[in-house]
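Pasted below: structure-v7.txt, compact mmCIF, C-alpha atoms and all ligand atoms.
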# COMPACT_ATOMS: atom_id res chain seq x y z
CA MET A 1 37.09 -9.17 25.33
CA LYS A 2 36.35 -5.56 26.14
CA LEU A 3 32.75 -4.48 26.71
CA SER A 4 33.09 -1.86 23.96
CA THR A 5 33.66 -4.59 21.37
CA ILE A 6 30.66 -6.63 22.50
CA LEU A 7 28.16 -3.78 22.68
CA PRO A 8 27.64 -3.13 18.94
CA LEU A 9 26.73 -6.79 18.40
CA GLY A 10 24.24 -6.69 21.25
CA MET A 11 22.59 -3.58 19.84
CA LEU A 12 22.27 -5.18 16.41
CA ALA A 13 20.75 -8.31 17.92
CA SER A 14 17.99 -6.27 19.58
CA SER A 15 17.29 -4.45 16.29
CA ILE A 16 16.76 -7.78 14.55
CA ALA A 17 14.44 -9.04 17.26
CA LEU A 18 12.08 -6.09 16.63
CA VAL A 19 11.39 -7.26 13.06
CA SER A 20 9.00 -10.19 12.97
CA PRO A 21 9.47 -12.59 10.02
CA THR A 22 5.70 -12.57 9.49
CA ASP A 23 5.42 -8.79 9.12
CA ALA A 24 4.42 -7.46 5.71
CA ALA A 25 5.54 -3.99 4.64
CA VAL A 26 3.54 -1.31 6.41
CA ILE A 27 3.02 2.14 4.90
CA LEU A 28 3.62 4.61 7.70
CA GLN A 29 2.22 8.14 8.06
CA GLY A 30 4.98 10.71 8.48
CA ALA A 31 5.06 12.32 11.93
CA ALA A 32 4.33 15.78 10.52
CA ASP A 33 1.96 14.66 7.73
CA ASN A 34 -1.83 14.93 7.61
CA TYR A 35 -1.89 12.21 4.95
CA ILE A 36 -0.65 8.81 3.82
CA ALA A 37 0.28 8.47 0.14
CA PHE A 38 1.38 5.33 -1.69
CA GLU A 39 1.73 3.75 -5.11
CA ALA A 40 -0.83 1.03 -5.90
CA GLU A 41 1.92 -1.15 -7.37
CA ASP A 42 4.19 -1.02 -4.30
CA ASN A 43 4.07 -2.78 -0.93
CA ILE A 44 1.00 -4.89 -1.67
CA ALA A 45 0.40 -6.90 1.49
CA ALA A 46 -2.02 -9.46 0.08
CA SER A 47 -3.86 -10.26 -3.14
CA GLY A 48 -6.41 -12.69 -4.48
CA THR A 49 -7.75 -13.96 -7.79
CA ASP A 50 -11.14 -15.09 -9.00
CA THR A 51 -12.21 -17.35 -11.85
CA ILE A 52 -15.51 -16.46 -13.49
CA SER A 53 -16.76 -18.36 -16.54
CA SER A 54 -13.29 -19.91 -16.95
CA SER A 55 -11.66 -16.48 -17.03
CA LEU A 56 -9.03 -15.69 -14.41
CA HIS A 57 -9.55 -12.25 -12.89
CA GLN A 58 -6.56 -10.70 -11.19
CA TRP A 59 -4.70 -7.44 -10.68
CA GLY A 60 -1.52 -7.15 -12.74
CA GLU A 61 1.18 -4.49 -12.65
CA VAL A 62 1.46 -2.59 -15.90
CA ALA A 63 4.11 -0.09 -16.95
CA ASN A 64 2.85 3.28 -18.18
CA GLY A 65 4.83 6.49 -18.61
CA GLY A 66 1.80 8.50 -17.52
CA ALA A 67 1.50 6.64 -14.22
CA SER A 68 2.99 7.87 -10.97
CA GLY A 69 6.11 5.78 -10.39
CA GLY A 70 5.83 4.55 -13.99
CA ALA A 71 3.39 1.76 -13.18
CA ALA A 72 -0.12 0.96 -12.00
CA MET A 73 -2.23 -2.06 -11.05
CA GLN A 74 -4.68 -3.11 -13.76
CA ALA A 75 -7.82 -5.26 -13.47
CA GLN A 76 -7.27 -8.16 -15.84
CA GLY A 77 -9.62 -10.88 -17.08
CA ALA A 78 -12.19 -11.31 -19.81
CA GLY A 79 -15.62 -9.85 -19.20
CA SER A 80 -16.71 -8.25 -15.99
CA PRO A 81 -17.09 -9.93 -12.62
CA ALA A 82 -20.44 -9.44 -10.99
CA PRO A 83 -20.65 -6.28 -8.90
CA ASP A 84 -19.49 -6.77 -5.32
CA ASP A 85 -17.49 -9.85 -6.23
CA ASN A 86 -14.41 -8.89 -4.26
CA THR A 87 -12.37 -12.06 -4.40
CA ALA A 88 -9.92 -10.57 -6.93
CA PHE A 89 -8.48 -8.08 -4.50
CA LEU A 90 -5.41 -6.12 -3.42
CA THR A 91 -4.65 -5.11 0.16
CA TRP A 92 -2.20 -2.63 1.64
CA ASP A 93 -1.16 -2.32 5.28
CA VAL A 94 -1.10 1.23 6.62
CA GLU A 95 -0.34 2.80 9.97
CA PHE A 96 -1.41 6.27 11.08
CA VAL A 97 0.21 8.41 13.76
CA THR A 98 -2.67 10.91 13.96
CA ALA A 99 -6.35 10.11 14.51
CA GLY A 100 -8.92 11.89 12.36
CA ASP A 101 -11.26 11.71 9.39
CA TYR A 102 -9.36 10.87 6.24
CA ASN A 103 -10.62 11.43 2.71
CA LEU A 104 -9.67 8.81 0.11
CA TYR A 105 -8.29 10.00 -3.21
CA ALA A 106 -7.42 7.47 -5.93
CA ARG A 107 -5.44 8.17 -9.11
CA VAL A 108 -6.96 5.91 -11.74
CA LEU A 109 -7.02 5.18 -15.45
CA ALA A 110 -10.55 4.75 -16.78
CA THR A 111 -10.45 4.86 -20.57
CA GLY A 112 -14.06 3.87 -21.35
CA THR A 113 -17.46 3.23 -19.80
CA GLY A 114 -16.69 -0.51 -19.79
CA SER A 115 -13.53 0.01 -17.74
CA ASP A 116 -14.19 2.92 -15.44
CA SER A 117 -15.00 1.29 -12.12
CA ALA A 118 -13.76 -0.98 -9.37
CA HIS A 119 -14.68 -1.83 -5.80
CA GLN A 120 -13.09 -0.72 -2.55
CA GLY A 121 -13.46 -1.48 1.10
CA SER A 122 -15.54 1.33 2.61
CA THR A 123 -13.90 0.99 6.02
CA TRP A 124 -10.57 -0.30 7.29
CA ASN A 125 -9.92 -4.02 7.65
CA GLN A 126 -12.66 -5.22 5.34
CA THR A 127 -11.92 -8.78 4.31
CA ALA A 128 -12.23 -9.61 0.64
CA GLY A 129 -14.71 -12.33 -0.16
CA THR A 130 -16.87 -11.74 2.88
CA ASN A 131 -17.77 -8.04 2.97
CA ALA A 132 -19.51 -6.17 0.18
CA PHE A 133 -17.09 -3.57 -1.08
CA VAL A 134 -18.47 -0.35 -2.48
CA TYR A 135 -18.35 1.05 -6.00
CA VAL A 136 -15.56 3.45 -6.92
CA GLY A 137 -15.45 4.93 -10.38
CA ALA A 138 -14.56 7.87 -12.58
CA SER A 139 -17.28 10.38 -13.32
CA SER A 140 -16.13 10.43 -16.92
CA PRO A 141 -13.67 8.20 -18.80
CA SER A 142 -10.39 9.71 -19.96
CA ALA A 143 -7.35 8.61 -21.92
CA SER A 144 -5.21 10.05 -19.11
CA TYR A 145 -4.82 9.20 -15.44
CA GLN A 146 -7.15 11.18 -13.19
CA TRP A 147 -7.70 11.66 -9.46
CA ILE A 148 -11.11 10.62 -8.19
CA ASN A 149 -12.73 10.94 -4.79
CA GLY A 150 -13.13 7.48 -3.32
CA ASN A 151 -15.69 6.01 -0.95
CA GLY A 152 -18.49 8.24 -2.30
CA GLY A 153 -16.86 11.13 -0.44
CA ALA A 154 -17.34 9.42 2.94
CA ASP A 155 -14.38 9.59 5.30
CA PHE A 156 -12.23 6.79 6.59
CA GLU A 157 -12.18 7.32 10.32
CA VAL A 158 -8.87 6.73 12.09
CA LEU A 159 -9.71 6.21 15.76
CA THR A 160 -7.30 6.80 18.61
CA ALA A 161 -7.28 3.01 19.01
CA ASP A 162 -6.07 2.70 15.39
CA VAL A 163 -3.08 4.98 15.91
CA GLY A 164 0.16 3.02 15.91
CA ASN A 165 -1.57 -0.14 14.77
CA THR A 166 -1.57 -1.74 11.34
CA ILE A 167 -4.89 -1.42 9.54
CA THR A 168 -5.67 -2.55 6.02
CA PHE A 169 -7.24 -1.01 2.93
CA SER A 170 -8.46 -3.17 0.06
CA VAL A 171 -9.79 -2.84 -3.46
CA SER A 172 -11.21 -5.41 -5.86
CA ILE A 173 -12.09 -5.85 -9.51
CA ARG A 174 -15.34 -4.69 -11.05
CA GLU A 175 -14.51 -3.87 -14.67
CA ASN A 176 -11.69 -5.17 -16.83
CA ALA A 177 -8.73 -2.86 -17.61
CA PHE A 178 -9.48 -0.30 -14.88
CA GLN A 179 -6.24 0.83 -13.26
CA PHE A 180 -5.32 2.07 -9.78
CA ASP A 181 -2.14 4.13 -9.93
CA ARG A 182 -1.80 5.77 -6.51
CA PHE A 183 -3.75 6.43 -3.30
CA VAL A 184 -3.84 9.31 -0.82
CA PHE A 185 -5.70 9.38 2.49
CA SER A 186 -5.76 12.99 3.75
CA THR A 187 -7.60 14.96 6.42
CA ASP A 188 -7.82 17.73 3.77
CA ASN A 189 -10.89 16.91 1.67
CA SER A 190 -10.36 19.58 -0.98
CA LEU A 191 -6.96 18.72 -2.45
CA THR A 192 -6.52 19.47 -6.15
CA ALA A 193 -4.90 17.05 -8.60
CA ALA A 194 -1.75 19.19 -8.60
CA GLU A 195 -1.63 19.19 -4.80
CA LEU A 196 -2.12 15.42 -4.70
CA ASP A 197 0.63 14.89 -7.29
CA ALA A 198 2.98 17.04 -5.20
CA LEU A 199 2.63 14.91 -2.04
CA SER A 200 5.57 12.61 -1.37
CA ASN A 201 4.87 8.93 -0.90
CA SER A 202 4.89 7.88 2.74
CA SER A 203 7.77 5.83 4.07
CA VAL A 204 7.50 2.11 4.70
CA ILE A 205 8.36 0.05 7.75
CA PRO A 206 10.88 -2.54 6.50
CA GLU A 207 9.54 -5.89 5.44
CA PRO A 208 11.42 -9.12 6.13
CA SER A 209 13.79 -8.54 3.18
CA ALA A 210 15.39 -5.94 5.47
CA TYR A 211 16.90 -8.94 7.22
CA GLY A 212 19.47 -8.89 4.42
CA ALA A 213 20.54 -5.35 5.29
CA LEU A 214 20.56 -6.14 9.00
CA THR A 215 22.53 -9.33 8.39
CA GLY A 216 24.96 -7.26 6.31
CA GLY A 217 25.36 -4.89 9.25
CA LEU A 218 25.86 -7.85 11.57
CA ALA A 219 28.50 -9.32 9.23
CA LEU A 220 30.29 -5.97 9.17
CA ALA A 221 30.21 -5.85 12.98
CA ILE A 222 31.70 -9.35 13.12
CA VAL A 223 34.46 -8.32 10.66
CA LEU A 224 35.20 -5.25 12.79
CA LEU A 225 35.14 -7.40 15.93
CA ARG A 226 37.57 -9.91 14.40
CA ARG A 227 39.79 -7.05 13.26
CA ARG A 228 39.84 -5.64 16.78
CA VAL A 229 40.56 -9.07 18.24
CA SER A 230 43.38 -9.74 15.75
CA ASN A 231 44.86 -6.29 16.47
CA ARG A 232 45.17 -7.03 20.15
CA CA B 301 -18.61 1.15 -16.17
CA CA B 302 1.75 4.12 -9.55
Once you've parsed the file, please lay out its structure as structure tokens.
Ligand SMILES: [Ca+2]
Ligand SMILES: [Ca+2]
Amino acid sequence: MKLSTILPLGMLASSIALVSPTDAAVILQGAADNYIAFEAEDNIAASGTDTISSSLHQWGEVANGGASGGAAMQAQGAGSPAPDDNTAFLTWDVEFVTAGDYNLYARVLATGTGSDSAHQGSTWNQTAGTNAFVYVGASSPSASYQWINGNGGADFEVLTADVGNTITFSVSIRENAFQFDRFVFSTDNSLTAAELDALSNSSVIPEPSAYGALTGGLALAIVLLRRRVSNR
């Protein structure tokens, strides 16, 4: 067997080894971007539910033509959990390539005063159920999706030590029917709604389902290898 026929297989094998089966999808800042943007309904790394007075509280994906990507995550469950009850949570894994102070913007649907707030981690890597998340809400309810400034305007600090590492951001339920549609973390703290809408979603580091694509590539390499062998 010639070295040239073996090499492609070897290269594929090392590509596979780089993807750990335990990795969740990680939302990755673009090399030239000063922001990370992602849909609330996509690439959720972890979630939790909570039962209060026999009512199950959880985040559910809902379709809505007004939502970015056509869908959003909605707080579901009768009544309202107590403030700072963050067991019914969603978590996303993100990775920055540039350190700095990042402002959180959230595109939300808050149609009434009884459904215009939620909770969020105020720093990276806050663990639901143990840390007190902070209030995030719309200043005024609206029938349409709106961008709000999260974290009370306080920045999320990405340290040099955070760069290239997976860090997590989490939200949890406060009021029923509140929706998170999309998130942006940007070093620009004065982005308008139009500017936020215009930002492309950040790319994602493949999750384990990418094994299928890699396996497909491996199968193709084996077919090509067999073809070469049979042609000899
Ligand atoms: Ca409220
Ligand atoms: Ca969305």
Give me the chain A side of the contact with ligand CA 302 (chain B), cut-off 7 Å, one line per residue showing its nearest atom pair and distance in Å at one decimal, counting all atoms listed in the file, sorted by chain and residue number, as a tab-separated table.
residue	atom	partner	partner_atom	distance
A:Glu39	CA	B:CA302	CA	4.5
A:Ala40	CA	B:CA302	CA	5.4
A:Glu41	CA	B:CA302	CA	5.7
A:Ala67	CA	B:CA302	CA	5.3
A:Ser68	CA	B:CA302	CA	4.2
A:Gly69	CA	B:CA302	CA	4.7
A:Gly70	CA	B:CA302	CA	6.0
A:Ala71	CA	B:CA302	CA	4.6
A:Ala72	CA	B:CA302	CA	4.4
A:Asp181	CA	B:CA302	CA	3.9
A:Arg182	CA	B:CA302	CA	5.0
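Proximity ranking of A:Leu196, A:Ala99, A:Ala110, A:Ala31 relative to ligand CA 301 (chain B) places A:Ala110 first, based on all atoms listed in the file.
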Name each residue within 12 Å of ligand CA 301 (chain B), counting all atoms listed in the file, as number ranges by chain. A: 79-83, 110-119, 135-141, 173-178
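Restricting the calculation to only C-alpha atoms, the smallest distance between Ile148 of chain A and any of A:Leu109, A:Ile36, A:Leu90, A:Ala161 is found for A:Leu109.
Between Gln74 of chain A and the candidates A:Ala128, A:Ile27, A:Ala88, A:Val62, the tightest atom-to-atom separation, counting only C-alpha atoms, involves A:Val62.
Atom CA of Asp33 of chain A is positioned 18.8 Å from atom CA of Phe169 of chain A.
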Which is closer to Gly77 of chain A than all the others in A:Thr127, A:Ser54, A:Ser190, A:Asn165, using all atoms listed in the file? A:Ser54
Asp162 of chain A environment, 8 Å, only C-alpha atoms, sequence neighbours closer than 3 positions dropped, as a PyMOL selection string: chain A and resi 95-96+99+158-159+165-167
